[in-house]
Amino acid sequence: MKAAVVTKYGDPKVLQIQEVVKPKINDDEILIRVVATSVTAADSRIRAARFPAGFGLPARLIFGITKPRLKILGGTYSGVVEEVGDNVANFNVGDEVCGMTGIKMGSHAEYLKTRPIKSIAHKPNSVSHEDAAGMLFGGTTALSYVRDKLAVKKGDNVLVNGASGAVGTNAVQLARYFGAHVTAVTSGANRQLVKKIGAQEVIDYKQQDILKLGKKFDVVLDAVGNISIAGAKSLVGVNGRAGLVVANLVDTIRARGKIFAGPATEKSEDIKLLLSLMEQGKLITVVDSIYTINDISKAHSRVDTGKKVGNVIVTM
């Protein structure tokens, strides 16, 4: 099968399209033919060994000290079930599914195998493979923070920093879904986009330093990584709370009380909820660009710019 293989850390040019062995499933696994996947900030960081401050050594211990232990990146997929193990129930050959692979990665390939017990769901016919694959990374992260960590509720005044990215576009929409008033922080070029997906107010970070607004919010979600714990505390009111999605190691360890950090969860029930909201037209996938697997290095280059809007999709 065809796969995007990375054998050393570096820029997007280290990615090579190669023929590799097609996975063989065990009795408790299914084989999925990948139709669409995405290149996320996580893929970019792992490929380049470029991790948030303090996470360099722990990340290399997981992903490889001198070169990537995982040759095939990719944490999201949408595709079709090709084979089903003898001990698998609820999934059949031909089912359209989408899901996440966690730290095992592996979705930047024509096929992947997985145990269908945690981060997988049947894809509705009304949701395209491209939209499903694009929604997963940002959607599950945003849901984990907006609903679970920050408990956004009706009437909350929410600030989303980095509102035009994969996490940010979903955070804006989900905060609105839960009844909040949303202020989006993005560049002026993305003003219309974030207003279209639900932001009532927009702050151009190039024109206004959000730490000097002189305004308090019930909830602050930083999807960029440029708000410290001290900065977050200055932006929230007495009963406010803040989520630092891309915190460095020190802030991740120090986060407590009204400040939340750390990884998001990847659960089937969350994926099902997001897909249901997409079916209802209450959540859309913002797509920056679509590449084929043969041009995946270009997809990584686009993510590396830090200027993508929404999600970068790769099709097989």
# chains A, B, ... in the order shown; residues from 1 in each chain; ligands from 1
$ residues_around --residues "Gly165 (chain A)" --least-positions-apart "3" --cutoff "7 Å" --atoms "only C-alpha atoms" --output "ChimeraX atom specification"
/A:162,168-169,308-310
$ select_by_dssp --residues "region 25-72 of chain A" --states "alpha helix (DSSP H)" --output "NGL selection string"
:A and (41-48 or 56-63)
$ write_last_selection --atoms "C-alpha atoms" --output "short mmCIF file (atom, residue, chain, number, x, y, z; two decimals), in the first residue's frame"
data_model
loop_
_atom_site.label_atom_id
_atom_site.label_comp_id
_atom_site.auth_asym_id
_atom_site.auth_seq_id
_atom_site.Cartn_x
_atom_site.Cartn_y
_atom_site.Cartn_z
CA ALA A 41 -0.34 20.76 14.25
CA ALA A 42 0.49 17.53 16.09
CA ASP A 43 1.73 15.88 12.88
CA SER A 44 3.84 18.94 12.12
CA ARG A 45 5.38 19.01 15.60
CA ILE A 46 6.25 15.32 15.60
CA ARG A 47 7.76 15.43 12.09
CA ALA A 48 9.96 18.38 13.00
CA GLY A 56 11.12 18.05 24.05
CA LEU A 57 12.65 15.17 26.04
CA PRO A 58 9.35 13.52 27.12
CA ALA A 59 8.09 13.70 23.52
CA ARG A 60 11.28 12.19 22.10
CA LEU A 61 11.06 9.37 24.64
CA ILE A 62 7.61 8.60 23.21
CA PHE A 63 8.17 9.28 19.52
#
$ residues_around --residues "Ile72 (chain A)" --least-positions-apart "5" --cutoff "8 Å" --atoms "only C-alpha atoms" --output "PyMOL selection string"
chain A and resi 3-6+105-109
$ residues_around --residues "Ser289 (chain A)" --least-positions-apart "3" --cutoff "8 Å" --atoms "only C-alpha atoms" --output "compact mmCIF listing (two decimals) with C-alpha atoms, in the first residue's frame"
# COMPACT_ATOMS: atom_id res chain seq x y z
CA ASN A 311 -8.03 22.25 8.61
CA VAL A 312 -5.61 20.86 6.03
CA ILE A 313 -7.05 17.71 4.44
$ closest_atom_pairs --of "region 162-207 of chain A" --to "region 222-232 of chain A" --cutoff "12 Å" --atoms "only C-alpha atoms" --output "Markdown table"
| residue | atom | partner | partner_atom | distance |
| --- | --- | --- | --- | --- |
| A:Gly162 | CA | A:Ala223 | CA | 5.3 |
| A:Ala163 | CA | A:Ala223 | CA | 7.5 |
| A:Ser164 | CA | A:Ala223 | CA | 9.5 |
| A:Gly165 | CA | A:Ala223 | CA | 7.8 |
| A:Ala166 | CA | A:Ala223 | CA | 8.9 |
| A:Val167 | CA | A:Ala223 | CA | 6.4 |
| A:Gly168 | CA | A:Ala223 | CA | 6.1 |
| A:Thr169 | CA | A:Ala223 | CA | 9.9 |
| A:Asn170 | CA | A:Ala223 | CA | 10.7 |
| A:Ala171 | CA | A:Ala223 | CA | 9.0 |
| A:Val172 | CA | A:Ala223 | CA | 11.0 |
| A:Ala184 | CA | A:Asp222 | CA | 10.5 |
| A:Val185 | CA | A:Asp222 | CA | 9.5 |
| A:Thr186 | CA | A:Val224 | CA | 10.2 |
| A:Tyr205 | CA | A:Asn226 | CA | 11.5 |
$ write_last_selection --atoms "C-alpha atoms" --output "PDB file, in the first residue's frame"
ATOM      1  CA  GLY A 162      -6.720  31.616  17.795  1.00  0.00           C
ATOM      2  CA  ALA A 163     -10.305  31.444  16.571  1.00  0.00           C
ATOM      3  CA  SER A 164      -9.490  30.627  12.939  1.00  0.00           C
ATOM      4  CA  GLY A 165      -7.444  27.464  13.512  1.00  0.00           C
ATOM      5  CA  ALA A 166      -8.575  23.838  13.677  1.00  0.00           C
ATOM      6  CA  VAL A 167      -9.311  23.992  17.409  1.00  0.00           C
ATOM      7  CA  GLY A 168     -10.446  27.613  17.376  1.00  0.00           C
ATOM      8  CA  THR A 169     -13.086  27.294  14.649  1.00  0.00           C
ATOM      9  CA  ASN A 170     -14.640  24.389  16.522  1.00  0.00           C
ATOM     10  CA  ALA A 171     -14.368  26.146  19.890  1.00  0.00           C
ATOM     11  CA  VAL A 172     -16.249  29.175  18.553  1.00  0.00           C
ATOM     12  CA  ALA A 184     -12.960  35.704  18.639  1.00  0.00           C
ATOM     13  CA  VAL A 185      -9.301  36.709  18.453  1.00  0.00           C
ATOM     14  CA  THR A 186      -7.843  36.320  14.968  1.00  0.00           C
ATOM     15  CA  TYR A 205      -4.635  40.652  17.389  1.00  0.00           C
TER      16      TYR A 205
END
$ atom_distance --atom1 "CA of Arg256 (chain A)" --atom2 "CA of Gly102 (chain A)"
25.1 Å
$ closest_residue --among "A:Asn239, A:Ser78, A:Thr292, A:Ser187" --to "Ala133 (chain A)" --atoms "only C-alpha atoms"
A:Ser78
$ atom_distance --atom1 "CA of Asp95 (chain A)" --atom2 "CA of Lys123 (chain A)"
8.2 Å
$ select_by_dssp --residues "region 73-114 of chain A" --states "strand (DSSP E or B)" --output "JSON, numbers by chain"
{"A": [76, 77, 78, 79, 80, 81, 82, 83, 84, 96, 97, 98, 99, 100, 109, 111, 112, 113, 114]}
$ write_last_selection --atoms "N, CA and C atoms" --output "CSV table (one decimal), in the first residue's frame"
chain,number,residue,atom,x,y,z
A,76,THR,N,-5.9,11.2,12.4
A,76,THR,CA,-7.4,11.2,12.1
A,76,THR,C,-7.6,10.5,10.8
A,77,TYR,N,-8.8,9.9,10.6
A,77,TYR,CA,-9.1,9.3,9.4
A,77,TYR,C,-10.6,9.2,9.1
A,78,SER,N,-11.0,9.1,7.9
A,78,SER,CA,-12.4,8.7,7.5
A,78,SER,C,-12.2,7.8,6.3
A,79,GLY,N,-13.0,6.7,6.4
A,79,GLY,CA,-12.8,5.7,5.3
A,79,GLY,C,-13.9,4.6,5.4
A,80,VAL,N,-13.5,3.5,4.8
A,80,VAL,CA,-14.5,2.4,4.6
A,80,VAL,C,-13.9,1.1,5.2
A,81,VAL,N,-14.7,0.4,6.0
A,81,VAL,CA,-14.2,-0.9,6.6
A,81,VAL,C,-14.0,-1.9,5.4
A,82,GLU,N,-12.8,-2.4,5.4
A,82,GLU,CA,-12.3,-3.4,4.4
A,82,GLU,C,-12.4,-4.8,4.8
A,83,GLU,N,-12.0,-5.0,6.1
A,83,GLU,CA,-12.0,-6.4,6.7
A,83,GLU,C,-12.4,-6.3,8.2
A,84,VAL,N,-13.0,-7.3,8.7
A,84,VAL,CA,-13.5,-7.3,10.0
A,84,VAL,C,-13.0,-8.6,10.7
A,96,GLU,N,-19.0,3.0,6.5
A,96,GLU,CA,-18.2,4.2,6.4
A,96,GLU,C,-18.0,4.6,7.9
A,97,VAL,N,-16.7,4.8,8.2
A,97,VAL,CA,-16.4,5.1,9.6
A,97,VAL,C,-15.3,6.3,9.6
A,98,CYS,N,-15.2,6.9,10.8
A,98,CYS,CA,-14.1,7.9,11.0
A,98,CYS,C,-13.7,7.7,12.5
A,99,GLY,N,-12.5,8.2,12.7
A,99,GLY,CA,-11.9,8.0,14.0
A,99,GLY,C,-10.6,8.6,14.2
A,100,MET,N,-10.0,8.3,15.4
A,100,MET,CA,-8.6,8.8,15.7
A,100,MET,C,-7.8,7.7,16.2
A,109,ALA,N,-1.8,6.8,5.3
A,109,ALA,CA,-1.6,5.6,4.4
A,109,ALA,C,-2.9,5.2,3.8
A,111,TYR,N,-4.2,2.3,4.0
A,111,TYR,CA,-5.0,1.4,5.0
A,111,TYR,C,-4.4,1.5,6.4
A,112,LEU,N,-5.3,1.3,7.4
A,112,LEU,CA,-4.8,1.2,8.7
A,112,LEU,C,-5.7,0.2,9.4
A,113,LYS,N,-5.2,-0.4,10.5
A,113,LYS,CA,-5.9,-1.3,11.3
A,113,LYS,C,-6.1,-0.7,12.7
A,114,THR,N,-7.2,-1.1,13.3
A,114,THR,CA,-7.5,-0.5,14.6
A,114,THR,C,-8.5,-1.5,15.4
$ residues_around --residues "Ile296 (chain A)" --least-positions-apart "5" --cutoff "8 Å" --atoms "only C-alpha atoms" --output "ChimeraX atom specification"
/A:4,15,291,314
